[in-house]
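Dumped entry-v2.cif below, it's mmCIF, C-alpha atoms:
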data_final
#
loop_
_atom_site.group_PDB
_atom_site.id
_atom_site.type_symbol
_atom_site.label_atom_id
_atom_site.label_comp_id
_atom_site.auth_asym_id
_atom_site.auth_seq_id
_atom_site.Cartn_x
_atom_site.Cartn_y
_atom_site.Cartn_z
ATOM 1 C CA MET N 1 -0.763 5.993 -2.917
ATOM 2 C CA ARG N 2 -0.074 2.324 -3.223
ATOM 3 C CA GLY N 3 1.737 0.338 -0.512
ATOM 4 C CA VAL N 4 4.837 2.423 0.133
ATOM 5 C CA THR N 5 6.853 0.447 2.648
ATOM 6 C CA GLY N 6 10.424 0.776 1.291
ATOM 7 C CA ARG N 7 12.528 3.940 1.237
ATOM 8 C CA LEU N 8 10.521 6.810 -0.244
ATOM 9 C CA MET N 9 12.287 9.799 -1.802
ATOM 10 C CA LEU N 10 10.230 12.966 -2.243
ATOM 11 C CA LEU N 11 11.557 15.709 -4.506
ATOM 12 C CA ASP N 12 10.625 19.340 -3.954
ATOM 13 C CA THR N 13 10.808 19.620 -7.717
ATOM 14 C CA ALA N 14 10.623 23.404 -8.181
ATOM 15 C CA SER N 15 13.280 23.934 -5.527
ATOM 16 C CA LEU N 16 15.569 21.535 -7.399
ATOM 17 C CA TYR N 17 14.970 22.848 -10.918
ATOM 18 C CA PHE N 18 15.535 26.421 -9.709
ATOM 19 C CA ARG N 19 18.878 25.264 -8.304
ATOM 20 C CA ALA N 20 19.659 23.444 -11.535
ATOM 21 C CA TYR N 21 18.784 26.560 -13.551
ATOM 22 C CA PHE N 22 21.144 28.763 -11.565
ATOM 23 C CA GLY N 23 23.817 26.075 -11.203
ATOM 24 C CA VAL N 24 24.100 24.920 -14.823
ATOM 25 C CA PRO N 25 25.237 27.453 -17.493
ATOM 26 C CA ASP N 26 22.529 28.686 -19.851
ATOM 27 C CA SER N 27 24.901 27.789 -22.666
ATOM 28 C CA VAL N 28 23.471 24.255 -22.297
ATOM 29 C CA LYS N 29 20.915 24.402 -25.115
ATOM 30 C CA ALA N 30 18.640 22.313 -27.300
ATOM 31 C CA PRO N 31 19.493 21.919 -31.000
ATOM 32 C CA ASP N 32 17.321 24.954 -31.804
ATOM 33 C CA GLY N 33 19.206 27.125 -29.300
ATOM 34 C CA THR N 34 16.593 27.018 -26.495
ATOM 35 C CA PRO N 35 18.230 26.826 -23.045
ATOM 36 C CA VAL N 36 17.684 23.450 -21.358
ATOM 37 C CA ASN N 37 20.027 23.933 -18.393
ATOM 38 C CA ALA N 38 17.257 23.385 -15.830
ATOM 39 C CA VAL N 39 16.029 20.241 -17.603
ATOM 40 C CA ARG N 40 19.428 18.637 -17.907
ATOM 41 C CA GLY N 41 20.512 19.827 -14.469
ATOM 42 C CA LEU N 42 17.446 18.265 -12.841
ATOM 43 C CA LEU N 43 18.036 14.954 -14.647
ATOM 44 C CA ASP N 44 21.626 14.995 -13.384
ATOM 45 C CA PHE N 45 20.351 15.718 -9.852
ATOM 46 C CA ILE N 46 17.932 12.791 -9.951
ATOM 47 C CA ASP N 47 20.615 10.493 -11.332
ATOM 48 C CA ARG N 48 22.957 11.363 -8.453
ATOM 49 C CA LEU N 49 20.215 11.060 -5.838
ATOM 50 C CA VAL N 50 19.152 7.604 -7.028
ATOM 51 C CA LYS N 51 22.775 6.415 -7.215
ATOM 52 C CA ASP N 52 23.685 7.685 -3.764
ATOM 53 C CA HIS N 53 20.514 6.945 -1.798
ATOM 54 C CA ARG N 54 18.848 3.991 -3.577
ATOM 55 C CA PRO N 55 15.177 4.814 -2.981
ATOM 56 C CA ASP N 56 12.526 2.155 -3.633
ATOM 57 C CA HIS N 57 9.942 4.846 -4.402
ATOM 58 C CA LEU N 58 10.366 8.286 -5.963
ATOM 59 C CA VAL N 59 7.880 11.138 -6.334
ATOM 60 C CA ALA N 60 8.457 14.493 -8.039
ATOM 61 C CA CYS N 61 6.194 16.759 -5.965
ATOM 62 C CA MET N 62 4.886 19.839 -7.779
ATOM 63 C CA ASP N 63 3.381 23.225 -6.907
ATOM 64 C CA ALA N 64 -0.124 23.095 -8.391
ATOM 65 C CA ASP N 65 -0.625 26.371 -6.509
ATOM 66 C CA TRP N 66 2.536 28.031 -5.185
ATOM 67 C CA ARG N 67 0.532 30.611 -3.185
ATOM 68 C CA PRO N 68 -2.747 29.002 -2.065
ATOM 69 C CA GLY N 69 -5.633 31.347 -1.399
ATOM 70 C CA TRP N 70 -6.385 29.749 1.961
ATOM 71 C CA ARG N 71 -2.920 30.751 3.178
ATOM 72 C CA VAL N 72 -3.132 34.263 1.690
ATOM 73 C CA ASP N 73 -6.555 34.791 3.317
ATOM 74 C CA LEU N 74 -4.918 34.257 6.709
ATOM 75 C CA ILE N 75 -1.674 36.181 6.068
ATOM 76 C CA PRO N 76 -2.038 38.469 3.013
ATOM 77 C CA SER N 77 1.721 39.131 2.848
ATOM 78 C CA TYR N 78 2.399 35.423 2.256
ATOM 79 C CA LYS N 79 4.795 35.277 -0.741
ATOM 80 C CA ALA N 80 3.286 38.560 -1.965
ATOM 81 C CA HIS N 81 6.685 39.928 -3.039
ATOM 82 C CA ARG N 82 7.075 37.046 -5.521
ATOM 83 C CA VAL N 83 3.860 37.717 -7.433
ATOM 84 C CA ALA N 84 4.501 38.672 -11.060
ATOM 85 C CA GLU N 85 0.853 38.852 -12.092
ATOM 86 C CA VAL N 86 -2.429 38.523 -10.189
ATOM 87 C CA HIS N 87 -5.051 36.225 -11.700
ATOM 88 C CA GLU N 88 -8.628 36.575 -10.473
ATOM 89 C CA GLY N 89 -10.159 33.186 -9.739
ATOM 90 C CA GLY N 90 -6.911 31.285 -10.252
ATOM 91 C CA PRO N 91 -3.369 30.955 -8.921
ATOM 92 C CA ASP N 92 -1.283 34.118 -9.118
ATOM 93 C CA GLU N 93 1.693 33.951 -11.457
ATOM 94 C CA GLU N 94 5.070 33.626 -9.760
ATOM 95 C CA GLU N 95 8.053 35.666 -10.833
ATOM 96 C CA VAL N 96 10.229 33.177 -12.737
ATOM 97 C CA PRO N 97 13.246 33.885 -15.002
ATOM 98 C CA ASP N 98 12.212 34.196 -18.665
ATOM 99 C CA THR N 99 14.344 31.289 -19.821
ATOM 100 C CA LEU N 100 13.224 28.972 -17.002
ATOM 101 C CA SER N 101 9.445 29.128 -17.552
ATOM 102 C CA PRO N 102 9.525 27.361 -20.960
ATOM 103 C CA GLN N 103 11.625 24.553 -19.473
ATOM 104 C CA VAL N 104 9.047 23.540 -16.853
ATOM 105 C CA PRO N 105 6.634 21.823 -19.313
ATOM 106 C CA VAL N 106 9.633 19.995 -20.796
ATOM 107 C CA ILE N 107 10.647 18.783 -17.324
ATOM 108 C CA GLU N 108 7.098 17.548 -16.722
ATOM 109 C CA ALA N 109 6.917 15.734 -20.064
ATOM 110 C CA VAL N 110 10.288 14.065 -19.551
ATOM 111 C CA LEU N 111 9.458 12.886 -16.018
ATOM 112 C CA ASP N 112 6.147 11.473 -17.279
ATOM 113 C CA ALA N 113 7.813 9.643 -20.176
ATOM 114 C CA ILE N 114 10.439 8.167 -17.859
ATOM 115 C CA GLY N 115 7.695 7.012 -15.503
ATOM 116 C CA ILE N 116 8.706 8.971 -12.409
ATOM 117 C CA ALA N 117 5.548 9.716 -10.418
ATOM 118 C CA ARG N 118 4.737 13.435 -10.615
ATOM 119 C CA VAL N 119 2.144 14.767 -8.180
ATOM 120 C CA GLY N 120 0.635 18.213 -7.774
ATOM 121 C CA VAL N 121 -2.769 18.819 -6.199
ATOM 122 C CA GLU N 122 -4.948 21.833 -6.984
ATOM 123 C CA GLY N 123 -4.970 24.362 -4.153
ATOM 124 C CA TYR N 124 -1.792 23.053 -2.534
ATOM 125 C CA GLU N 125 1.940 23.621 -2.639
ATOM 126 C CA ALA N 126 4.528 20.911 -3.194
ATOM 127 C CA ASP N 127 5.340 21.187 0.540
ATOM 128 C CA ASP N 128 1.808 20.017 1.343
ATOM 129 C CA VAL N 129 2.063 17.093 -1.075
ATOM 130 C CA ILE N 130 5.372 16.163 0.568
ATOM 131 C CA GLY N 131 3.810 16.463 4.025
ATOM 132 C CA THR N 132 0.952 14.154 3.119
ATOM 133 C CA PHE N 133 3.151 11.522 1.462
ATOM 134 C CA THR N 134 5.370 11.643 4.562
ATOM 135 C CA ALA N 135 2.425 11.245 6.923
ATOM 136 C CA ARG N 136 1.196 8.185 5.013
ATOM 137 C CA ALA N 137 4.558 6.492 4.426
ATOM 138 C CA GLY N 138 5.125 3.108 6.005
ATOM 139 C CA GLY N 139 8.923 3.247 5.735
ATOM 140 C CA PRO N 140 11.795 5.740 5.847
ATOM 141 C CA VAL N 141 11.474 8.997 3.900
ATOM 142 C CA ASP N 142 14.138 11.181 2.292
ATOM 143 C CA ILE N 143 12.884 14.687 1.441
ATOM 144 C CA VAL N 144 15.123 16.483 -1.048
ATOM 145 C CA THR N 145 14.630 20.234 -0.872
ATOM 146 C CA GLY N 146 16.407 23.558 -0.684
ATOM 147 C CA ASP N 147 13.530 24.860 1.457
ATOM 148 C CA ARG N 148 14.162 24.851 5.201
ATOM 149 C CA ASP N 149 10.407 24.985 5.880
ATOM 150 C CA LEU N 150 10.358 21.214 5.441
ATOM 151 C CA TYR N 151 12.646 20.715 8.438
ATOM 152 C CA GLN N 152 9.383 20.548 10.381
ATOM 153 C CA LEU N 153 8.848 17.024 8.984
ATOM 154 C CA VAL N 154 12.116 15.591 10.347
ATOM 155 C CA ASP N 155 11.328 12.655 12.631
ATOM 156 C CA ASP N 156 14.073 10.253 13.718
ATOM 157 C CA ALA N 157 11.613 7.723 15.117
ATOM 158 C CA ARG N 158 9.982 7.346 11.690
ATOM 159 C CA GLY N 159 13.193 7.658 9.675
ATOM 160 C CA VAL N 160 12.172 10.971 8.083
ATOM 161 C CA ARG N 161 15.089 13.224 7.172
ATOM 162 C CA VAL N 162 15.695 16.175 4.876
ATOM 163 C CA LEU N 163 18.490 16.067 2.305
ATOM 164 C CA TYR N 164 19.367 19.733 1.795
ATOM 165 C CA PRO N 165 21.619 20.503 -1.202
ATOM 166 C CA LEU N 166 24.634 22.600 -0.295
ATOM 167 C CA LYS N 167 26.350 22.349 -3.677
ATOM 168 C CA GLY N 168 24.391 20.661 -6.455
ATOM 169 C CA VAL N 169 23.209 17.414 -4.950
ATOM 170 C CA GLY N 170 26.672 15.918 -4.630
ATOM 171 C CA THR N 171 27.034 17.629 -1.261
ATOM 172 C CA LEU N 172 23.932 17.217 0.864
ATOM 173 C CA GLN N 173 23.280 18.234 4.430
ATOM 174 C CA LEU N 174 21.561 15.231 6.039
ATOM 175 C CA THR N 175 19.170 16.932 8.399
ATOM 176 C CA ASP N 176 18.017 14.811 11.332
ATOM 177 C CA GLU N 177 16.856 15.758 14.834
ATOM 178 C CA ALA N 178 20.383 15.871 16.262
ATOM 179 C CA TRP N 179 21.406 18.372 13.583
ATOM 180 C CA LEU N 180 18.289 20.481 14.198
ATOM 181 C CA ARG N 181 18.859 20.548 17.954
ATOM 182 C CA GLU N 182 22.475 21.621 17.481
ATOM 183 C CA LYS N 183 21.642 24.280 14.894
ATOM 184 C CA TYR N 184 18.303 25.632 16.123
ATOM 185 C CA GLY N 185 17.702 24.123 19.571
ATOM 186 C CA VAL N 186 14.493 22.389 18.433
ATOM 187 C CA ASP N 187 13.474 19.067 16.956
ATOM 188 C CA GLY N 188 11.435 18.599 13.794
ATOM 189 C CA SER N 189 8.059 19.208 15.398
ATOM 190 C CA GLY N 190 9.339 22.417 17.014
ATOM 191 C CA TYR N 191 10.773 23.884 13.830
ATOM 192 C CA ALA N 192 7.432 25.204 12.531
ATOM 193 C CA ASP N 193 6.850 27.058 15.823
ATOM 194 C CA LEU N 194 10.363 28.497 15.659
ATOM 195 C CA ALA N 195 9.824 29.614 12.059
ATOM 196 C CA LEU N 196 6.529 31.367 12.688
ATOM 197 C CA LEU N 197 7.850 33.180 15.776
ATOM 198 C CA ARG N 198 11.052 34.233 14.004
ATOM 199 C CA GLY N 199 9.333 35.055 10.723
ATOM 200 C CA ASP N 200 10.638 34.443 7.227
ATOM 201 C CA PRO N 201 11.066 37.398 4.840
ATOM 202 C CA SER N 202 11.506 35.026 1.870
ATOM 203 C CA ASP N 203 7.934 33.799 2.411
ATOM 204 C CA GLY N 204 6.484 37.124 3.535
ATOM 205 C CA LEU N 205 5.915 35.886 7.108
ATOM 206 C CA PRO N 206 6.256 38.818 9.532
ATOM 207 C CA GLY N 207 6.971 36.802 12.673
ATOM 208 C CA VAL N 208 6.634 38.336 16.137
ATOM 209 C CA PRO N 209 8.486 41.691 16.219
ATOM 210 C CA GLY N 210 11.478 41.532 18.528
ATOM 211 C CA ILE N 211 11.479 37.726 18.722
ATOM 212 C CA GLY N 212 14.445 36.489 16.725
ATOM 213 C CA GLU N 213 15.661 32.951 16.202
ATOM 214 C CA LYS N 214 17.625 32.640 19.445
ATOM 215 C CA THR N 215 14.864 34.113 21.581
ATOM 216 C CA ALA N 216 12.281 31.868 19.882
ATOM 217 C CA ALA N 217 14.431 28.809 20.606
ATOM 218 C CA LYS N 218 14.820 29.820 24.272
ATOM 219 C CA LEU N 219 11.066 30.352 24.652
ATOM 220 C CA LEU N 220 10.343 26.962 23.087
ATOM 221 C CA ALA N 221 12.899 25.296 25.391
ATOM 222 C CA GLU N 222 11.266 26.977 28.374
ATOM 223 C CA PHE N 223 7.584 26.488 27.517
ATOM 224 C CA GLY N 224 7.569 23.480 25.163
ATOM 225 C CA ASP N 225 5.625 24.729 22.162
ATOM 226 C CA LEU N 226 3.701 27.688 20.796
ATOM 227 C CA ASP N 227 0.628 26.945 22.915
ATOM 228 C CA GLY N 228 2.824 26.797 26.006
ATOM 229 C CA ILE N 229 4.403 30.151 25.162
ATOM 230 C CA MET N 230 1.034 31.839 24.653
ATOM 231 C CA ALA N 231 -0.272 30.300 27.889
ATOM 232 C CA ALA N 232 2.750 31.827 29.638
ATOM 233 C CA VAL N 233 1.706 35.275 28.377
ATOM 234 C CA ASP N 234 -1.434 34.891 30.522
ATOM 235 C CA ASP N 235 0.539 33.627 33.537
ATOM 236 C CA PRO N 236 1.999 36.497 35.613
ATOM 237 C CA GLY N 237 4.452 34.047 37.185
ATOM 238 C CA ALA N 238 5.892 32.793 33.899
ATOM 239 C CA LYS N 239 9.509 33.626 33.065
ATOM 240 C CA LEU N 240 8.897 36.201 30.355
ATOM 241 C CA THR N 241 10.484 39.641 30.206
ATOM 242 C CA PRO N 242 8.010 42.540 30.112
ATOM 243 C CA SER N 243 8.952 43.273 26.497
ATOM 244 C CA GLN N 244 8.494 39.634 25.445
ATOM 245 C CA ARG N 245 5.112 39.496 27.145
ATOM 246 C CA LYS N 246 4.034 42.736 25.467
ATOM 247 C CA ARG N 247 5.217 41.690 22.007
ATOM 248 C CA LEU N 248 3.587 38.273 22.195
ATOM 249 C CA GLU N 249 0.345 39.792 23.467
ATOM 250 C CA GLU N 250 0.279 42.275 20.592
ATOM 251 C CA ALA N 251 1.027 39.476 18.116
ATOM 252 C CA ARG N 252 -1.937 37.307 19.167
ATOM 253 C CA PRO N 253 -3.885 37.843 15.913
ATOM 254 C CA TYR N 254 -0.845 36.711 13.895
ATOM 255 C CA VAL N 255 -0.055 33.794 16.219
ATOM 256 C CA ALA N 256 -3.655 32.595 15.952
ATOM 257 C CA VAL N 257 -3.469 32.081 12.180
ATOM 258 C CA ALA N 258 0.245 31.536 11.493
ATOM 259 C CA PRO N 259 0.340 27.816 12.390
ATOM 260 C CA THR N 260 -2.128 27.007 9.588
ATOM 261 C CA VAL N 261 0.036 28.941 7.125
ATOM 262 C CA VAL N 262 3.444 27.661 8.265
ATOM 263 C CA ARG N 263 2.673 24.002 8.902
ATOM 264 C CA VAL N 264 2.461 21.767 5.857
ATOM 265 C CA ALA N 265 -0.877 20.085 5.248
ATOM 266 C CA PRO N 266 -0.848 16.384 6.208
ATOM 267 C CA ASP N 267 -4.149 15.556 4.526
ATOM 268 C CA VAL N 268 -3.930 16.571 0.855
ATOM 269 C CA PRO N 269 -6.219 14.429 -1.371
ATOM 270 C CA LEU N 270 -3.441 12.610 -3.207
ATOM 271 C CA PRO N 271 -4.191 10.845 -6.488
ATOM 272 C CA ASP N 272 -3.632 7.106 -6.727
ATOM 273 C CA VAL N 273 -0.187 6.881 -8.306
ATOM 274 C CA ASP N 274 2.434 4.194 -8.627
ATOM 275 C CA THR N 275 5.443 5.621 -6.810
ATOM 276 C CA THR N 276 7.753 2.687 -7.544
ATOM 277 C CA LEU N 277 11.126 3.737 -8.917
ATOM 278 C CA PRO N 278 10.913 2.920 -12.645
ATOM 279 C CA ARG N 279 13.474 0.498 -14.071
ATOM 280 C CA ALA N 280 12.633 1.263 -17.715
ATOM 281 C CA PRO N 281 10.882 4.218 -19.422
ATOM 282 C CA ARG N 282 7.090 4.241 -19.384
ATOM 283 C CA ASP N 283 6.999 5.748 -22.884
ATOM 284 C CA PRO N 284 10.266 4.865 -24.692
ATOM 285 C CA ALA N 285 9.211 6.326 -28.055
ATOM 286 C CA GLY N 286 7.947 9.545 -26.506
ATOM 287 C CA LEU N 287 11.107 9.868 -24.432
ATOM 288 C CA GLU N 288 13.284 9.340 -27.494
ATOM 289 C CA GLY N 289 11.419 12.137 -29.264
ATOM 290 C CA LEU N 290 11.825 14.477 -26.285
ATOM 291 C CA SER N 291 15.531 13.659 -26.053
ATOM 292 C CA ALA N 292 16.080 14.463 -29.727
ATOM 293 C CA ARG N 293 13.924 17.618 -29.648
ATOM 294 C CA TRP N 294 15.584 19.066 -26.548
ATOM 295 C CA GLY N 295 19.080 17.599 -26.809
ATOM 296 C CA LEU N 296 18.976 15.800 -23.471
ATOM 297 C CA GLY N 297 21.912 13.584 -24.418
ATOM 298 C CA GLY N 298 24.119 12.248 -21.655
ATOM 299 C CA SER N 299 21.995 13.620 -18.810
ATOM 300 C CA LEU N 300 19.046 11.443 -19.809
ATOM 301 C CA GLN N 301 21.147 8.417 -20.745
ATOM 302 C CA ARG N 302 22.988 8.422 -17.415
ATOM 303 C CA LEU N 303 19.701 8.514 -15.507
ATOM 304 C CA LEU N 304 18.188 5.712 -17.593
ATOM 305 C CA THR N 305 21.307 3.591 -17.014
ATOM 306 C CA THR N 306 21.110 4.234 -13.272
ATOM 307 C CA LEU N 307 17.417 3.365 -13.154
ATOM 308 C CA SER N 308 17.917 0.144 -15.111
ATOM 309 C CA SER N 309 20.593 -1.030 -12.689
ATOM 310 C CA SER N 310 18.645 -0.092 -9.519
ATOM 311 C CA SER N 311 17.624 -2.921 -7.256
#
Would you encode the structure as structure tokens?
Amino acid sequence: MRGVTGRLMLLDTASLYFRAYFGVPDSVKAPDGTPVNAVRGLLDFIDRLVKDHRPDHLVACMDADWRPGWRVDLIPSYKAHRVAEVHEGGPDEEEVPDTLSPQVPVIEAVLDAIGIARVGVEGYEADDVIGTFTARAGGPVDIVTGDRDLYQLVDDARGVRVLYPLKGVGTLQLTDEAWLREKYGVDGSGYADLALLRGDPSDGLPGVPGIGEKTAAKLLAEFGDLDGIMAAVDDPGAKLTPSQRKRLEEARPYVAVAPTVVRVAPDVPLPDVDTTLPRAPRDPAGLEGLSARWGLGGSLQRLLTTLSSSS
């Protein structure tokens, strides 16, 4: 990662192309009739993001492994309900709509031809790549994601915020610490503890039975963090109800491993990539061929125009 000191925008790419797929009609097709709604929708998203937020650096972060074995070893239910096919010795296959899967290689080829840095690291999720880029950034960071898990990275002091799409990417929720405190009663660093206590059915995280979001927030306000809460379980004088103490005690095995699963990795071995926002395509001829083959039309041209006028 070369000297990133300006504004860095990190895209949770799968989150965005899933939203594009479901937000753009599948009647948007290539000349041969293949749906390209996710491809064109993502290009439109990136165009709007660059126009509105003017990043100096842009990285499309990818899931090289959407369900890493090291997380599953600790919590076997992690994302288990999303597995379409188990592969011995390799990443399990995620359940993805039939007409979306063929669009992903097209998205990757188009991003590469444009020259937008695209980073996925074997054994890690896009969240981990985002976490590591954020940890190493020397300037402000905008994380664009529809995944609330990344709220844990919000840090006002470092200028790290999450841009959460509410409708397309034209309407974004700018998530900073003030918003988190109002909504959840925690700051960025406390969000991961809140999430693991509360649990998250969409990720297959059981949480601590009987400890919902409001109770988790109250416990964190009272005891500071997860370690403080678990220390209180051992302190007869701590302000815990008998049922809370019992439930937390019974959940010790889960609480011992959940932080490693829930918290994004800050130390992924990132490749050396140029994250600078491209002003012109890296491979103009290749991009022209992709545009003709897949009928990318105005979506691609608008993005290229926006990139060429960025400063």
Distance query region 44-57 of chain N at most 10 Å, only C-alpha atoms, self and fewer than 5 positions along chain excluded, as a ChimeraX atom specification: /N:4-11,16-17,19-20,38-39,116-117,140-142,144,163,165,168-170,172,274-278,298-307,309-311
Go through region 105-129 of chain N and flag each residue having an atom no more than 7 Å from region 285-290 of chain N; for those, report the closest pair of atoms plus their distance in Å to one decimal, using all atoms listed in the file, ordered by chain and rising number, as a Markdown table.
| residue | atom | partner | partner_atom | distance |
| --- | --- | --- | --- | --- |
| N:Val110 | CA | N:Leu287 | CA | 6.5 |
| N:Ala113 | CA | N:Leu287 | CA | 5.4 |
| N:Ile114 | CA | N:Leu287 | CA | 6.8 |
Given only C-alpha atoms, how would the per-residue table for region 22-112 of chain N near region 243-262 of chain N read, listing every residue at most 9 Å away with its closest atom pair and distance in Å to one decimal, sorted by chain and number, as JSON lines?
{"residue": "N:Trp70", "atom": "CA", "partner": "N:Val261", "partner_atom": "CA", "distance": 8.3}
{"residue": "N:Arg71", "atom": "CA", "partner": "N:Val261", "partner_atom": "CA", "distance": 5.3}
{"residue": "N:Val72", "atom": "CA", "partner": "N:Val261", "partner_atom": "CA", "distance": 8.2}
{"residue": "N:Leu74", "atom": "CA", "partner": "N:Val257", "partner_atom": "CA", "distance": 6.1}
{"residue": "N:Ile75", "atom": "CA", "partner": "N:Ala258", "partner_atom": "CA", "distance": 7.4}
{"residue": "N:Tyr78", "atom": "CA", "partner": "N:Val261", "partner_atom": "CA", "distance": 8.4}
Convert the current residue selection to file output with C-alpha atoms, as an mmCIF file, keeping the file's coordinate frame.
data_model
loop_
_atom_site.group_PDB
_atom_site.id
_atom_site.type_symbol
_atom_site.label_atom_id
_atom_site.label_comp_id
_atom_site.auth_asym_id
_atom_site.auth_seq_id
_atom_site.Cartn_x
_atom_site.Cartn_y
_atom_site.Cartn_z
ATOM 1 C CA TRP N 70 -6.385 29.749 1.961
ATOM 2 C CA ARG N 71 -2.920 30.751 3.178
ATOM 3 C CA VAL N 72 -3.132 34.263 1.690
ATOM 4 C CA LEU N 74 -4.918 34.257 6.709
ATOM 5 C CA ILE N 75 -1.674 36.181 6.068
ATOM 6 C CA TYR N 78 2.399 35.423 2.256
#
Counting only C-alpha atoms, which of N:Pro284, N:Gly23, N:Pro269, N:Pro68 gets nearest to Ile130 (chain N)? N:Pro269
From the set N:Thr134, N:Ser202, N:Gln152, N:Gln103, which residue has the shortest atom-to-atom contact distance to Arg263 (chain N), counting only C-alpha atoms? N:Gln152
Evaluating the PyMOL selection byres ((chain N and resi 184) around 12) on the displayed file yields which residues, as a VMD selection string? chain N and resid 148 151 to 152 175 to 183 185 to 188 190 to 195 198 212 to 218 220 to 221
Give me, please, the distance in Å between CA of Val160 (chain N) and CA of Tyr124 (chain N), quoted to one decimal. 21.3 Å
Would you pick out the contacts of region 35-37 of chain N at 10 Å or less, using all atoms listed in the file, so that residues sharing its chain but fewer than 3 positions from it are not included, and give the list as a list in words? Tyr17, Ala20, Tyr21, Phe22, Gly23, Val24, Pro25, Asp26, Ser27, Val28, Lys29, Ala30, Pro31, Asp32, Arg40, Gly41, Leu42, Leu43, Thr99, Leu100, Pro102, Gln103, Val104, Val106, Ile107, Trp294, Gly295 and Leu296 of chain N
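For the atom pair formed by CA of Pro209 (chain N) and CA of Leu197 (chain N), the distance is 8.5 Å, given to one decimal.
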Provide the CA of Ala231 (chain N) to CA of Asp267 (chain N) distance in Å, to one decimal place. 27.9 Å
Let me have the centre and edge lengths of the axis-aligned box enclosing all listed atoms of region 247-257 of chain N with 6 Å padding on every side, in Å to one decimal, as JSON.
{"center_x": 0.7, "center_y": 37.2, "center_z": 17.8, "size_x": 21.1, "size_y": 22.2, "size_z": 23.3}
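For the set N:Val83, N:Val264, N:Pro271, N:Lys239, the residue with the smallest atom-to-atom gap to Leu150 (chain N) is N:Val264, counting only C-alpha atoms.
Take the candidates N:Glu108, N:Met62, N:Val96, N:Phe133 and check each one against Val268 (chain N) using only C-alpha atoms; the shortest distance goes to N:Phe133.
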For region 270-283 of chain N, supply N, CA and C atoms and report the output as a PDB file, keeping the file's coordinate frame.
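Result file is result12.pdb:
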ATOM      1  N   LEU N 270      -4.406  13.079  -2.208  1.00  0.00           N
ATOM      2  CA  LEU N 270      -3.441  12.610  -3.207  1.00  0.00           C
ATOM      3  C   LEU N 270      -4.111  11.704  -4.230  1.00  0.00           C
ATOM      4  N   PRO N 271      -3.694  11.789  -5.483  1.00  0.00           N
ATOM      5  CA  PRO N 271      -4.191  10.845  -6.488  1.00  0.00           C
ATOM      6  C   PRO N 271      -3.565   9.472  -6.260  1.00  0.00           C
ATOM      7  N   ASP N 272      -4.179   8.458  -6.826  1.00  0.00           N
ATOM      8  CA  ASP N 272      -3.632   7.106  -6.727  1.00  0.00           C
ATOM      9  C   ASP N 272      -2.551   6.955  -7.790  1.00  0.00           C
ATOM     10  N   VAL N 273      -1.301   6.977  -7.363  1.00  0.00           N
ATOM     11  CA  VAL N 273      -0.187   6.881  -8.306  1.00  0.00           C
ATOM     12  C   VAL N 273       0.749   5.747  -7.895  1.00  0.00           C
ATOM     13  N   ASP N 274       1.425   5.212  -8.882  1.00  0.00           N
ATOM     14  CA  ASP N 274       2.434   4.194  -8.627  1.00  0.00           C
ATOM     15  C   ASP N 274       3.756   4.920  -8.395  1.00  0.00           C
ATOM     16  N   THR N 275       4.238   4.872  -7.165  1.00  0.00           N
ATOM     17  CA  THR N 275       5.443   5.621  -6.810  1.00  0.00           C
ATOM     18  C   THR N 275       6.721   4.795  -6.976  1.00  0.00           C
ATOM     19  N   THR N 276       6.589   3.560  -7.412  1.00  0.00           N
ATOM     20  CA  THR N 276       7.753   2.687  -7.544  1.00  0.00           C
ATOM     21  C   THR N 276       8.793   3.293  -8.477  1.00  0.00           C
ATOM     22  N   LEU N 277      10.052   3.240  -8.065  1.00  0.00           N
ATOM     23  CA  LEU N 277      11.126   3.737  -8.917  1.00  0.00           C
ATOM     24  C   LEU N 277      11.122   2.961 -10.232  1.00  0.00           C
ATOM     25  N   PRO N 278      10.980   3.651 -11.372  1.00  0.00           N
ATOM     26  CA  PRO N 278      10.913   2.920 -12.645  1.00  0.00           C
ATOM     27  C   PRO N 278      12.267   2.326 -13.020  1.00  0.00           C
ATOM     28  N   ARG N 279      12.235   1.131 -13.590  1.00  0.00           N
ATOM     29  CA  ARG N 279      13.474   0.498 -14.071  1.00  0.00           C
ATOM     30  C   ARG N 279      13.680   0.751 -15.571  1.00  0.00           C
ATOM     31  N   ALA N 280      12.586   0.996 -16.279  1.00  0.00           N
ATOM     32  CA  ALA N 280      12.633   1.263 -17.715  1.00  0.00           C
ATOM     33  C   ALA N 280      11.614   2.356 -18.018  1.00  0.00           C
ATOM     34  N   PRO N 281      11.808   3.119 -19.106  1.00  0.00           N
ATOM     35  CA  PRO N 281      10.882   4.218 -19.422  1.00  0.00           C
ATOM     36  C   PRO N 281       9.446   3.736 -19.625  1.00  0.00           C
ATOM     37  N   ARG N 282       8.504   4.549 -19.169  1.00  0.00           N
ATOM     38  CA  ARG N 282       7.090   4.241 -19.384  1.00  0.00           C
ATOM     39  C   ARG N 282       6.720   4.427 -20.852  1.00  0.00           C
ATOM     40  N   ASP N 283       7.304   5.433 -21.481  1.00  0.00           N
ATOM     41  CA  ASP N 283       6.999   5.748 -22.884  1.00  0.00           C
ATOM     42  C   ASP N 283       8.317   5.904 -23.649  1.00  0.00           C
TER      43      ASP N 283
END
